[in-house]
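Asker: If it helps, the file is called protein-v1.pdb and holds PDB, C-alpha atoms:
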ATOM      1  CA  MET B  12      65.014 101.791  69.950
ATOM      2  CA  GLU B  13      66.752 104.491  72.000
ATOM      3  CA  ARG B  14      64.148 104.069  74.720
ATOM      4  CA  LEU B  15      64.828 100.327  74.833
ATOM      5  CA  TRP B  16      68.588 100.914  75.088
ATOM      6  CA  ARG B  17      68.179 103.359  77.962
ATOM      7  CA  LEU B  18      65.873 100.965  79.776
ATOM      8  CA  LEU B  19      68.315  98.090  79.280
ATOM      9  CA  ALA B  20      71.120 100.255  80.678
ATOM     10  CA  HIS B  21      69.113 100.713  83.862
ATOM     11  CA  TYR B  22      68.445  96.964  84.056
ATOM     12  CA  ASN B  23      72.142  96.106  83.586
ATOM     13  CA  GLY B  24      73.203  93.420  86.073
ATOM     14  CA  GLN B  25      69.646  92.629  87.141
ATOM     15  CA  VAL B  26      67.407  89.626  86.703
ATOM     16  CA  ILE B  27      64.889  90.561  84.031
ATOM     17  CA  HIS B  28      61.305  89.439  83.694
ATOM     18  CA  ASP B  29      59.961  89.685  80.162
ATOM     19  CA  SER B  30      56.495  90.841  81.174
ATOM     20  CA  LYS B  31      57.806  93.607  83.451
ATOM     21  CA  LEU B  32      60.276  94.844  80.846
ATOM     22  CA  ALA B  33      57.642  94.667  78.090
ATOM     23  CA  GLY B  34      55.235  96.648  80.255
ATOM     24  CA  ALA B  35      57.844  99.355  80.829
ATOM     25  CA  MET B  36      58.293  99.584  77.054
ATOM     26  CA  ASP B  37      54.551  99.470  76.230
ATOM     27  CA  LEU B  38      55.194  96.335  74.161
ATOM     28  CA  SER B  39      53.828  92.850  74.269
ATOM     29  CA  VAL B  40      56.253  90.095  75.277
ATOM     30  CA  PRO B  41      56.813  88.503  71.800
ATOM     31  CA  PRO B  42      58.290  91.643  70.146
ATOM     32  CA  LEU B  43      60.406  92.335  73.236
ATOM     33  CA  LYS B  44      61.808  88.796  73.078
ATOM     34  CA  ARG B  45      62.641  89.332  69.402
ATOM     35  CA  TYR B  46      64.475  92.593  70.206
ATOM     36  CA  LEU B  47      66.410  90.940  73.036
ATOM     37  CA  ALA B  48      67.290  87.947  70.838
ATOM     38  CA  LEU B  49      68.561  90.303  68.115
ATOM     39  CA  LEU B  50      70.669  92.279  70.600
ATOM     40  CA  GLU B  51      72.061  89.066  72.048
ATOM     41  CA  GLN B  52      72.853  87.577  68.622
ATOM     42  CA  THR B  53      74.712  90.764  67.651
ATOM     43  CA  TYR B  54      76.788  90.602  70.877
ATOM     44  CA  MET B  55      75.349  93.815  72.292
ATOM     45  CA  ILE B  56      73.828  92.228  75.398
ATOM     46  CA  ARG B  57      74.446  89.066  77.364
ATOM     47  CA  LEU B  58      71.514  87.211  78.880
ATOM     48  CA  LEU B  59      73.220  85.198  81.608
ATOM     49  CA  LEU B  60      71.049  82.198  82.330
ATOM     50  CA  PRO B  61      70.567  80.776  85.815
ATOM     51  CA  PHE B  62      72.388  77.627  86.861
ATOM     52  CA  GLU B  63      69.906  74.826  86.275
ATOM     53  CA  THR B  64      70.760  71.967  88.595
ATOM     54  CA  ASN B  65      67.921  71.300  91.011
ATOM     55  CA  LEU B  66      69.170  73.030  94.158
ATOM     56  CA  LYS B  67      66.145  72.203  96.319
ATOM     57  CA  LYS B  68      63.974  73.927  93.696
ATOM     58  CA  ARG B  69      64.828  77.412  94.956
ATOM     59  CA  LEU B  70      66.393  78.864  91.847
ATOM     60  CA  VAL B  71      65.280  82.002  90.116
ATOM     61  CA  ARG B  72      64.574  81.084  86.493
ATOM     62  CA  SER B  73      64.852  84.442  84.697
ATOM     63  CA  PRO B  74      68.168  85.557  83.117
ATOM     64  CA  LYS B  75      70.376  88.423  84.206
ATOM     65  CA  LEU B  76      70.902  91.128  81.604
ATOM     66  CA  TYR B  77      74.297  92.711  80.918
ATOM     67  CA  LEU B  78      75.327  95.238  78.300
ATOM     68  CA  ARG B  79      78.501  93.663  76.961
ATOM     69  CA  ASP B  80      80.259  96.946  76.197
ATOM     70  CA  THR B  81      80.581  99.020  79.360
ATOM     71  CA  GLY B  82      81.476 102.068  77.244
ATOM     72  CA  VAL B  83      78.032 101.879  75.657
ATOM     73  CA  LEU B  84      76.532 101.372  79.123
ATOM     74  CA  HIS B  85      78.284 104.467  80.462
ATOM     75  CA  ALA B  86      77.191 106.550  77.465
ATOM     76  CA  LEU B  87      73.562 105.495  77.957
ATOM     77  CA  LEU B  88      73.800 106.368  81.659
ATOM     78  CA  GLU B  89      75.414 109.722  80.692
ATOM     79  CA  ILE B  90      78.593 108.948  82.619
ATOM     80  CA  GLU B  91      81.392 111.059  81.186
ATOM     81  CA  ASP B  92      84.365 110.481  83.481
ATOM     82  CA  PHE B  93      85.737 108.208  86.177
ATOM     83  CA  ASP B  94      84.481 110.375  89.052
ATOM     84  CA  GLN B  95      80.931 110.271  87.660
ATOM     85  CA  LEU B  96      81.244 106.508  87.282
ATOM     86  CA  LEU B  97      82.293 106.053  90.911
ATOM     87  CA  ALA B  98      79.437 108.295  92.068
ATOM     88  CA  ASN B  99      76.834 106.453  89.963
ATOM     89  CA  THR B 100      74.515 103.989  91.697
ATOM     90  CA  GLN B 101      75.234 101.417  88.975
ATOM     91  CA  VAL B 102      79.005 101.378  89.340
ATOM     92  CA  GLY B 103      78.922  97.896  90.905
ATOM     93  CA  GLU B 104      76.803  96.467  88.097
ATOM     94  CA  SER B 105      79.106  98.108  85.547
ATOM     95  CA  TRP B 106      82.136  96.448  87.161
ATOM     96  CA  GLU B 107      80.288  93.119  87.296
ATOM     97  CA  ALA B 108      79.442  93.341  83.571
ATOM     98  CA  PHE B 109      83.053  94.157  82.714
ATOM     99  CA  VAL B 110      84.519  91.293  84.766
ATOM    100  CA  ILE B 111      81.972  88.766  83.474
ATOM    101  CA  GLU B 112      82.777  89.704  79.874
ATOM    102  CA  GLN B 113      86.507  89.369  80.512
ATOM    103  CA  LEU B 114      86.142  85.954  82.175
ATOM    104  CA  VAL B 115      83.684  84.538  79.636
ATOM    105  CA  ASN B 116      85.859  85.732  76.734
ATOM    106  CA  ALA B 117      89.008  84.327  78.357
ATOM    107  CA  LEU B 118      87.333  80.930  78.897
ATOM    108  CA  PRO B 119      85.151  80.495  75.782
ATOM    109  CA  ARG B 120      84.661  76.745  76.176
ATOM    110  CA  TRP B 121      83.153  77.150  79.652
ATOM    111  CA  ARG B 122      79.369  77.610  79.991
ATOM    112  CA  PRO B 123      78.488  80.738  82.008
ATOM    113  CA  SER B 124      75.546  81.063  84.388
ATOM    114  CA  PHE B 125      74.617  82.663  87.705
ATOM    115  CA  LEU B 126      72.967  81.261  90.782
ATOM    116  CA  ARG B 127      70.403  82.885  93.038
ATOM    117  CA  THR B 128      68.460  80.814  95.522
ATOM    118  CA  GLY B 129      65.029  81.524  96.956
ATOM    119  CA  ASN B 130      66.611  82.991 100.089
ATOM    120  CA  CYS B 131      68.559  85.497  97.902
ATOM    121  CA  ALA B 132      71.992  83.903  98.253
ATOM    122  CA  GLU B 133      73.766  84.677  94.992
ATOM    123  CA  ILE B 134      76.827  83.634  93.032
ATOM    124  CA  ASP B 135      77.648  86.205  90.341
ATOM    125  CA  LEU B 136      79.253  83.874  87.823
ATOM    126  CA  LEU B 137      79.496  80.127  87.607
ATOM    127  CA  LEU B 138      81.519  78.629  84.764
ATOM    128  CA  GLU B 139      81.096  74.941  83.862
ATOM    129  CA  ARG B 140      82.996  72.654  81.558
ATOM    130  CA  GLY B 141      82.699  68.907  81.715
ATOM    131  CA  GLY B 142      82.475  68.033  85.399
ATOM    132  CA  GLN B 143      84.365  71.139  86.524
ATOM    133  CA  ARG B 144      82.915  74.320  87.955
ATOM    134  CA  ARG B 145      84.428  77.700  88.734
ATOM    135  CA  VAL B 146      82.564  80.128  90.965
ATOM    136  CA  PHE B 147      83.237  83.871  90.961
ATOM    137  CA  GLU B 148      82.115  86.613  93.306
ATOM    138  CA  ILE B 149      82.506  90.075  91.768
ATOM    139  CA  LYS B 150      82.645  93.153  93.990
ATOM    140  CA  LEU B 151      83.652  96.780  93.627
ATOM    141  CA  SER B 152      84.892  97.653  97.071
ATOM    142  CA  LYS B 153      88.004  98.588  99.018
ATOM    143  CA  ALA B 154      87.199  95.787 101.461
ATOM    144  CA  PRO B 155      85.179  93.153  99.571
ATOM    145  CA  LYS B 156      83.361  90.433 101.433
ATOM    146  CA  PRO B 157      81.904  87.354  99.750
ATOM    147  CA  SER B 158      78.130  87.125  99.632
ATOM    148  CA  ARG B 159      76.241  84.532 101.652
ATOM    149  CA  GLY B 160      76.071  82.175  98.680
ATOM    150  CA  VAL B 161      79.793  82.165  98.036
ATOM    151  CA  SER B 162      80.727  81.948 101.716
ATOM    152  CA  ARG B 163      78.408  79.021 102.341
ATOM    153  CA  ASP B 164      79.175  77.112  99.159
ATOM    154  CA  CYS B 165      82.950  77.571  99.299
ATOM    155  CA  SER B 166      83.172  76.640 102.952
ATOM    156  CA  SER B 167      81.103  73.503 102.379
ATOM    157  CA  HIS B 168      83.202  72.637  99.282
ATOM    158  CA  GLN B 169      80.121  72.163  97.112
ATOM    159  CA  TRP B 170      82.048  73.486  94.116
ATOM    160  CA  PRO B 171      84.792  71.045  93.155
ATOM    161  CA  ALA B 172      87.146  73.574  91.562
ATOM    162  CA  GLY B 173      86.993  76.206  94.299
ATOM    163  CA  CYS B 174      85.729  79.745  94.495
ATOM    164  CA  TRP B 175      87.213  82.997  93.268
ATOM    165  CA  GLU B 176      86.579  86.557  94.227
ATOM    166  CA  SER B 177      87.205  89.390  91.805
ATOM    167  CA  HIS B 178      87.250  92.960  93.052
ATOM    168  CA  ARG B 179      88.564  96.384  92.312
ATOM    169  CA  GLY B 180      90.230  97.859  95.323
ATOM    170  CA  PRO B 181      91.673 101.323  95.789
ATOM    171  CA  ARG B 182      94.513 100.806  93.259
ATOM    172  CA  ALA B 183      93.978  97.940  90.854
ATOM    173  CA  ALA B 184      91.781  95.065  89.901
ATOM    174  CA  SER B 185      92.649  91.759  91.470
ATOM    175  CA  SER B 186      91.409  88.243  91.628
ATOM    176  CA  ARG B 187      92.091  85.767  94.364
ATOM    177  CA  ARG B 188      91.102  82.270  95.248
ATOM    178  CA  ARG B 189      88.730  82.008  98.222
ATOM    179  CA  SER B 190      89.058  78.270  98.773
ATOM    180  CA  GLN B 191      89.894  75.154  96.871
ATOM    181  CA  THR B 192      88.832  71.587  97.323
ATOM    182  CA  PRO B 193      91.943  69.471  97.971
ATOM    183  CA  GLY B 194      93.124  67.742  94.817
ATOM    184  CA  ALA B 195      91.073  69.900  92.442
ATOM    185  CA  GLY B 196      92.924  70.827  89.288
ATOM    186  CA  ARG B 197      93.232  74.208  87.679
ATOM    187  CA  GLY B 198      92.170  75.029  84.162
TER     188      GLY B 198
END
Please express the file's structure as structure tokens.
Answerer:
Amino acid sequence: MERLWRLLAHYNGQVIHDSKLAGAMDLSVPPLKRYLALLEQTYMIRLLLPFETNLKKRLVRSPKLYLRDTGVLHALLEIEDFDQLLANTQVGESWEAFVIEQLVNALPRWRPSFLRTGNCAEIDLLLERGGQRRVFEIKLSKAPKPSRGVSRDCSSHQWPAGCWESHRGPRAASSRRRSQTPGAGRG
């Protein structure tokens, strides 16, 4: 089980493919799926499913994996202090996991997903409820810039509730609205 945990820590924030992950564990796919289902049901991992509206049939269908407790993630990656965290190659994925957990827990009635198109444009978190959508771009940077997916979709107003960017700058975490469709409500 320790080997699985360490492997999952290295896959944190990435789209996972069952067969590839099973191969890395020397398991067949059915037992791996059972392990992942158990970890998800016990709130240890989040399998963030892709947004499933037909967007010109270019969506990636596999889920993104996140360890829900970033303290556990950091322990598995042997990160012992803030300086080691900032120097680690997975610091961005750690921040993304933390922000996604905070947003999903703050908005429990909204359905979370992510969007990645065939040309690799990506939206980190899309929350849906009824006919409303909220789109979030999550970056760890002193000067964050929205990805191609967020820039294109927000500027074309495809998302009725607007787009948000969440980032950690040099001092504190912040969240700001990138654009909003006129007349769209908050909630």
Asker: Find the distance between atom CA of Arg127 of chain B and atom CA of Trp16 of chain B and write it in Å to one decimal.
Answerer: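 So the two atoms, atom CA of Arg127 of chain B and atom CA of Trp16 of chain B, lie 25.5 Å apart.
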Asker: Do you know which residues the PyMOL selection byres ((chain B and resi 136) around 6) returns on this file, as number ranges by chain?
Answerer: B: 124-125, 134-135, 137, 146-147
Asker: Might you pull out every residue within 8 Å of Tyr77 of chain B, with all atoms listed in the file counted and same-chain residues fewer than 5 positions away left off, and present them as an NGL selection string?
Answerer: :B and (22-25 or 56-59 or 108)
Asker: Please, what distance in Å, to one decimal, runs between atom CA of Val102 of chain B and atom CA of Leu38 of chain B?
Answerer: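 Spanning atom CA of Val102 of chain B to atom CA of Leu38 of chain B is a straight-line distance of 28.7 Å.
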Asker: Provide the atom CA of Asp80 of chain B to atom CA of Glu112 of chain B distance in Å, to one decimal place.
Answerer: 8.5 Å
Asker: Please expand the PyMOL selection byres ((chain B and resi 74) around 8) into the concrete residues it hits in this file, giving the result as a list of chain:residue names.
Answerer: B:Val26, B:Ile27, B:His28, B:Leu58, B:Leu59, B:Leu60, B:Pro61, B:Arg72, B:Ser73, B:Lys75, B:Leu76
Asker: Give me segment 90-108 of chain B with N, CA and C atoms filled in, as an mmCIF file, in the coordinates of the input.
Answerer:
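Contents of part.cif, freshly written:
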data_model
loop_
_atom_site.group_PDB
_atom_site.id
_atom_site.type_symbol
_atom_site.label_atom_id
_atom_site.label_comp_id
_atom_site.auth_asym_id
_atom_site.auth_seq_id
_atom_site.Cartn_x
_atom_site.Cartn_y
_atom_site.Cartn_z
ATOM 1 N N ILE B 90 77.403 108.898 81.772
ATOM 2 C CA ILE B 90 78.593 108.948 82.619
ATOM 3 C C ILE B 90 79.743 109.377 81.721
ATOM 4 N N GLU B 91 80.371 110.502 82.067
ATOM 5 C CA GLU B 91 81.392 111.059 81.186
ATOM 6 C C GLU B 91 82.815 110.927 81.697
ATOM 7 N N ASP B 92 83.004 110.642 82.980
ATOM 8 C CA ASP B 92 84.365 110.481 83.481
ATOM 9 C C ASP B 92 84.376 109.512 84.664
ATOM 10 N N PHE B 93 85.569 109.208 85.126
ATOM 11 C CA PHE B 93 85.737 108.208 86.177
ATOM 12 C C PHE B 93 85.055 108.625 87.485
ATOM 13 N N ASP B 94 85.130 109.901 87.829
ATOM 14 C CA ASP B 94 84.481 110.375 89.052
ATOM 15 C C ASP B 94 82.969 110.192 88.988
ATOM 16 N N GLN B 95 82.373 110.487 87.828
ATOM 17 C CA GLN B 95 80.931 110.271 87.660
ATOM 18 C C GLN B 95 80.594 108.791 87.752
ATOM 19 N N LEU B 96 81.467 107.952 87.204
ATOM 20 C CA LEU B 96 81.244 106.508 87.282
ATOM 21 C C LEU B 96 81.230 106.054 88.736
ATOM 22 N N LEU B 97 82.222 106.475 89.509
ATOM 23 C CA LEU B 97 82.293 106.053 90.911
ATOM 24 C C LEU B 97 81.128 106.581 91.737
ATOM 25 N N ALA B 98 80.572 107.715 91.342
ATOM 26 C CA ALA B 98 79.437 108.295 92.068
ATOM 27 C C ALA B 98 78.101 107.708 91.626
ATOM 28 N N ASN B 99 78.084 106.988 90.502
ATOM 29 C CA ASN B 99 76.834 106.453 89.963
ATOM 30 C C ASN B 99 76.370 105.234 90.762
ATOM 31 N N THR B 100 75.071 105.113 90.936
ATOM 32 C CA THR B 100 74.515 103.989 91.697
ATOM 33 C C THR B 100 74.733 102.650 91.007
ATOM 34 N N GLN B 101 75.051 102.668 89.706
ATOM 35 C CA GLN B 101 75.234 101.417 88.975
ATOM 36 C C GLN B 101 76.702 101.063 88.754
ATOM 37 N N VAL B 102 77.590 101.657 89.511
ATOM 38 C CA VAL B 102 79.005 101.378 89.340
ATOM 39 C C VAL B 102 79.321 99.904 89.616
ATOM 40 N N GLY B 103 78.682 99.303 90.599
ATOM 41 C CA GLY B 103 78.922 97.896 90.905
ATOM 42 C C GLY B 103 78.468 96.976 89.785
ATOM 43 N N GLU B 104 77.315 97.266 89.206
ATOM 44 C CA GLU B 104 76.803 96.467 88.097
ATOM 45 C C GLU B 104 77.668 96.646 86.850
ATOM 46 N N SER B 105 78.204 97.858 86.662
ATOM 47 C CA SER B 105 79.106 98.108 85.547
ATOM 48 C C SER B 105 80.374 97.259 85.699
ATOM 49 N N TRP B 106 80.940 97.250 86.895
ATOM 50 C CA TRP B 106 82.136 96.448 87.161
ATOM 51 C C TRP B 106 81.833 94.960 86.956
ATOM 52 N N GLU B 107 80.687 94.519 87.448
ATOM 53 C CA GLU B 107 80.288 93.119 87.296
ATOM 54 C C GLU B 107 80.183 92.747 85.810
ATOM 55 N N ALA B 108 79.572 93.604 85.005
ATOM 56 C CA ALA B 108 79.442 93.341 83.571
ATOM 57 C C ALA B 108 80.815 93.246 82.914
#
